[in-house]
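K.L.:
Next up is a structure, given as structure tokens.
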Amino acid sequence: MSTLTVSRHFVDASLSGARRLGLDSRALLDEAGISPDLLRIEMARVSSHQFSKLMQVIWLRTGDEFMGMGPRRARSGTFATMCALVVGCQTLEEVYRQAFSFSRLFEPMASMELEILEDRARLVSRIEGTIHDPDYFLRESLLVIWHRLGSWLIGQPVELEKAEFDYPRPDHGDEYRHIFHCPLSFESDCTALTFNKRFLSAPVIRDKPEMRQFLKTSPADLLSRPDESNTWTGRIRGLIGRDFSKPMPDFDWIAQELHTSPQTLRRRLKQENTSFQEIKDLLRRDMAIYYLAQPEMPINDIAERVGFTEPSTFHRAFKKWTGVTPGAWREGERGDLK
């Protein structure tokens with residue numbers, strides 16, 4: 001069960017290219033199991049499963065892995081072909097160089113290029129021609145997919161030291177904290193991800209059968225279900241768990257379980273652009289959204305399950321997180337929003 005949720009912004013942004021091509025966005029949402037009414041709520045979120053399904057629907061209906069946003073059409077199967085090429089590489093450096101060489105076969109190109117600077121490495125966005133990406137979704141997707149594909153291939157997260165963007169901080173810029181888990185820099189001279197060069201020598205540990213299984217849901221799952229297991233945020237989420245009927249573990253206990261000091265852990269979380277309180281709040285929010293999608297579960301029971309002894313306190317907290325009450329959220333899920 002994945003309880004991670006995805007902002008309404010990314011749902012709407014992912015549809016911009018399909019709309020430009022004349023496709024019915026409501027039909028695409030319905031096919032993905034997302035209520036268009038829910039998206040009328042400004043701070044709405046959908047489950048990672050719903051978002052993954054929407055990505056697959058958009059790729060299928062547009063016949064374009066750039067979703068109508070790129071400088072050209074990327075026919076279905078392009079990503080899978082690239083993956084079949086790079087799974088035979090020896091190291092992460094070879095993966096990124098081979099993937100870029102593959103991308104250069106298509107003109108105009110939309111890809112990421114590896115640069116090595118002393119002890120640092122960067123994946124730099126290389127996009128030629130004209131793109132149709134008003135909400136930055138295509139550019140964000142290229143960063144996320146290349147980074148997470150590399151991490152999956154070597155079986156460990158490529159820890160990011162900086163994420164740069166050659167455009168102003170967008171309205172949804174706060175979401176970037178939970179995507180990249182590193183310091184962010186907007187209005188830079190390029191769009192790039194920086195990490196320690198040591199990751200480039202990491203061996204590729206995946207084989208062709210694993211890649212075939214991986215491709216059944218990728219790259220949709222790369223965008224919708226980030227592997228947080230080796231971020232400090234993800235480790236803390238794992239230690240807190242999903243049973244809020246028991247007392248929440250305190251920060252000192254969490255630090256002890258992670259074999260670090262509270263001071264060091266606070267510093268690590270600051271580097272990931274979050275805090276212990278925010279992790280707890282967002283975990284509760286995502287769990288509440290998950291349970292609200294179960295129509296048979298009373299809202300008062302949901303309040304108790306996510307750690308609120310008083311339903312009124314839960315209502316206030318949920319409205320702070322999402323802008324609406326739990327009841328209004330459930331109406332949006334059902335398509336009954338007035």
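Within each chain, counting starts at residue 1; across the structure tokens, chains are named A, B, ... in the order shown, with ligands numbered 1 upward in that order.
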According to DSSP computed on the backbone, where in segment 95-331 of chain A is there helix (DSSP H, G or I)? Give the residues as a PyMOL selection string.
P.N.:
chain A and resi 95-103+137-154+173-180+197-201+208-214+220-224+232-240+251-257+262-271+276-292+299-305+311-322+326-331
K.L.:
Name all residues at most 12 Å from segment 191-195 of chain A (count only C-alpha atoms; drop same-chain ones fewer than 5 positions away) and give them as a PyMOL selection string.
P.N.:
chain A and resi 111-127+136+139-140+142-148+151+157-168+180-186+200
K.L.:
By how many Å are atom CA of Gly241 of chain A and atom CA of Gln271 of chain A apart?
P.N.:
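Straight-line distance from atom CA of Gly241 of chain A to atom CA of Gln271 of chain A works out to 22.7 Å.
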K.L.:
Could you please determine the separation between atom CA of Gly307 of chain A and atom CA of Lys246 of chain A in Å, to one decimal place?
P.N.:
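Distance reported for this atom pair: 7.7 Å.
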K.L.:
For each of A:Leu54, A:Ala13, A:Leu283, A:Met109, take the minimum atom-to-atom distance to Ser141 of chain A, counting only C-alpha atoms, then give the residue where this is smallest.
P.N.:
A:Ala13
K.L.:
Could you name the residues that touch Arg19 of chain A at 10 Å or less, counting only C-alpha atoms, but leaving out those on the same chain fewer than 6 positions away, as a list in words?
P.N.:
Ser25, Met67 and Gly68 of chain A
K.L.:
Find the residues near Val86 of chain A: any atom within 7 Å, counting only C-alpha atoms, skip ones fewer than 4 places away on the same chain, and give them as a list in words.
P.N.:
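Counting only C-alpha atoms, the residues come to Met82, Val95, Gln98 and Ala99 of chain A.
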K.L.:
Pick out the residues sitting within 10 Å of Trp59 of chain A, and hand them over as number ranges by chain; count only C-alpha atoms, and ignore anything fewer than 6 positions along from it in its own chain.
P.N.:
A: 18, 65-68, 74-76, 220
K.L.:
Could you save those same residues with all heavy atoms as a JSON list (two decimals), in the first residue's frame?
P.N.:
[["chain", "number", "residue", "atom", "x", "y", "z"],
["A", 18, "ALA", "N", -1.85, 17.04, -23.75],
["A", 18, "ALA", "CA", -2.99, 16.29, -24.30],
["A", 18, "ALA", "C", -4.11, 17.25, -24.71],
["A", 18, "ALA", "O", -4.75, 17.07, -25.75],
["A", 18, "ALA", "CB", -3.50, 15.29, -23.26],
["A", 65, "GLU", "N", 5.61, 9.84, -25.71],
["A", 65, "GLU", "CA", 6.17, 9.80, -24.37],
["A", 65, "GLU", "C", 6.56, 11.18, -23.85],
["A", 65, "GLU", "O", 6.87, 11.32, -22.67],
["A", 65, "GLU", "CB", 7.35, 8.83, -24.32],
["A", 65, "GLU", "CG", 6.89, 7.38, -24.54],
["A", 65, "GLU", "CD", 7.99, 6.35, -24.42],
["A", 65, "GLU", "OE1", 9.18, 6.73, -24.26],
["A", 65, "GLU", "OE2", 7.69, 5.14, -24.52],
["A", 66, "PHE", "N", 6.53, 12.19, -24.71],
["A", 66, "PHE", "CA", 6.67, 13.58, -24.26],
["A", 66, "PHE", "C", 5.31, 14.21, -23.99],
["A", 66, "PHE", "O", 5.22, 15.40, -23.67],
["A", 66, "PHE", "CB", 7.43, 14.42, -25.29],
["A", 66, "PHE", "CG", 8.90, 14.09, -25.39],
["A", 66, "PHE", "CD1", 9.60, 14.36, -26.56],
["A", 66, "PHE", "CD2", 9.59, 13.53, -24.33],
["A", 66, "PHE", "CE1", 10.96, 14.09, -26.67],
["A", 66, "PHE", "CE2", 10.95, 13.24, -24.43],
["A", 66, "PHE", "CZ", 11.63, 13.52, -25.60],
["A", 67, "MET", "N", 4.24, 13.44, -24.14],
["A", 67, "MET", "CA", 2.87, 13.86, -23.77],
["A", 67, "MET", "C", 2.41, 15.13, -24.47],
["A", 67, "MET", "O", 1.65, 15.91, -23.91],
["A", 67, "MET", "CB", 2.76, 14.03, -22.24],
["A", 67, "MET", "CG", 3.06, 12.76, -21.47],
["A", 67, "MET", "SD", 3.19, 13.02, -19.69],
["A", 67, "MET", "CE", 4.81, 13.78, -19.61],
["A", 68, "GLY", "N", 2.90, 15.34, -25.68],
["A", 68, "GLY", "CA", 2.49, 16.52, -26.42],
["A", 68, "GLY", "C", 3.18, 17.80, -26.00],
["A", 68, "GLY", "O", 2.80, 18.89, -26.44],
["A", 74, "ALA", "N", 7.77, 11.67, -29.25],
["A", 74, "ALA", "CA", 8.59, 10.52, -28.85],
["A", 74, "ALA", "C", 7.69, 9.30, -28.88],
["A", 74, "ALA", "O", 6.84, 9.12, -28.00],
["A", 74, "ALA", "CB", 9.17, 10.73, -27.45],
["A", 75, "ARG", "N", 7.84, 8.48, -29.91],
["A", 75, "ARG", "CA", 6.93, 7.35, -30.09],
["A", 75, "ARG", "C", 6.99, 6.38, -28.90],
["A", 75, "ARG", "O", 8.02, 6.23, -28.24],
["A", 75, "ARG", "CB", 7.28, 6.60, -31.37],
["A", 75, "ARG", "CG", 7.00, 7.39, -32.64],
["A", 75, "ARG", "CD", 7.32, 6.56, -33.87],
["A", 75, "ARG", "NE", 7.11, 7.33, -35.09],
["A", 75, "ARG", "CZ", 5.95, 7.44, -35.72],
["A", 75, "ARG", "NH1", 4.88, 6.84, -35.22],
["A", 75, "ARG", "NH2", 5.84, 8.14, -36.84],
["A", 76, "SER", "N", 5.86, 5.72, -28.66],
["A", 76, "SER", "CA", 5.79, 4.74, -27.58],
["A", 76, "SER", "C", 6.88, 3.67, -27.77],
["A", 76, "SER", "O", 7.05, 3.15, -28.88],
["A", 76, "SER", "CB", 4.41, 4.07, -27.57],
["A", 76, "SER", "OG", 3.41, 5.03, -27.35],
["A", 220, "ALA", "N", 6.18, 5.68, -15.44],
["A", 220, "ALA", "CA", 5.12, 6.28, -14.63],
["A", 220, "ALA", "C", 5.42, 6.19, -13.14],
["A", 220, "ALA", "O", 5.27, 7.18, -12.40],
["A", 220, "ALA", "CB", 3.78, 5.60, -14.94]]
K.L.:
Segment 63-150 of chain A: which residues are strand (DSSP E or B) by DSSP, as an MDAnalysis selection string?
P.N.:
chainID A and resid 91 110:117 120:127
K.L.:
Give me the residues within 10 Å of Ser52 of chain A as a ChimeraX atom specification, counting only C-alpha atoms and dropping any in the same chain fewer than 5 places off.
P.N.:
/A:6,32,47,57,217-225
K.L.:
For the selection just defined, write its residues with C-alpha atoms to a file, as a PDB file, in the first residue's frame.
P.N.:
ATOM      1  CA  VAL A   6       0.637  13.864  -5.633  1.00  0.00           C
ATOM      2  CA  ALA A  32      -7.250   6.919 -14.607  1.00  0.00           C
ATOM      3  CA  SER A  47      -2.864   8.864  -4.778  1.00  0.00           C
ATOM      4  CA  VAL A  57      -3.201   6.748 -20.040  1.00  0.00           C
ATOM      5  CA  THR A 217       4.964   0.350 -14.834  1.00  0.00           C
ATOM      6  CA  SER A 218       7.819   2.699 -15.692  1.00  0.00           C
ATOM      7  CA  PRO A 219       8.517   5.505 -16.191  1.00  0.00           C
ATOM      8  CA  ALA A 220       5.116   6.281 -14.629  1.00  0.00           C
ATOM      9  CA  ASP A 221       6.117   4.865 -11.243  1.00  0.00           C
ATOM     10  CA  LEU A 222       9.382   6.805 -11.314  1.00  0.00           C
ATOM     11  CA  LEU A 223       7.346  10.015 -11.414  1.00  0.00           C
ATOM     12  CA  SER A 224       4.630   9.031  -8.964  1.00  0.00           C
ATOM     13  CA  ARG A 225       6.270   6.759  -6.409  1.00  0.00           C
TER      14      ARG A 225
END
K.L.:
Kindly give the distance, in Å, that separates atom CA of Leu92 of chain A and atom CA of Arg104 of chain A, rounded to a single decimal.
P.N.:
18.5 Å
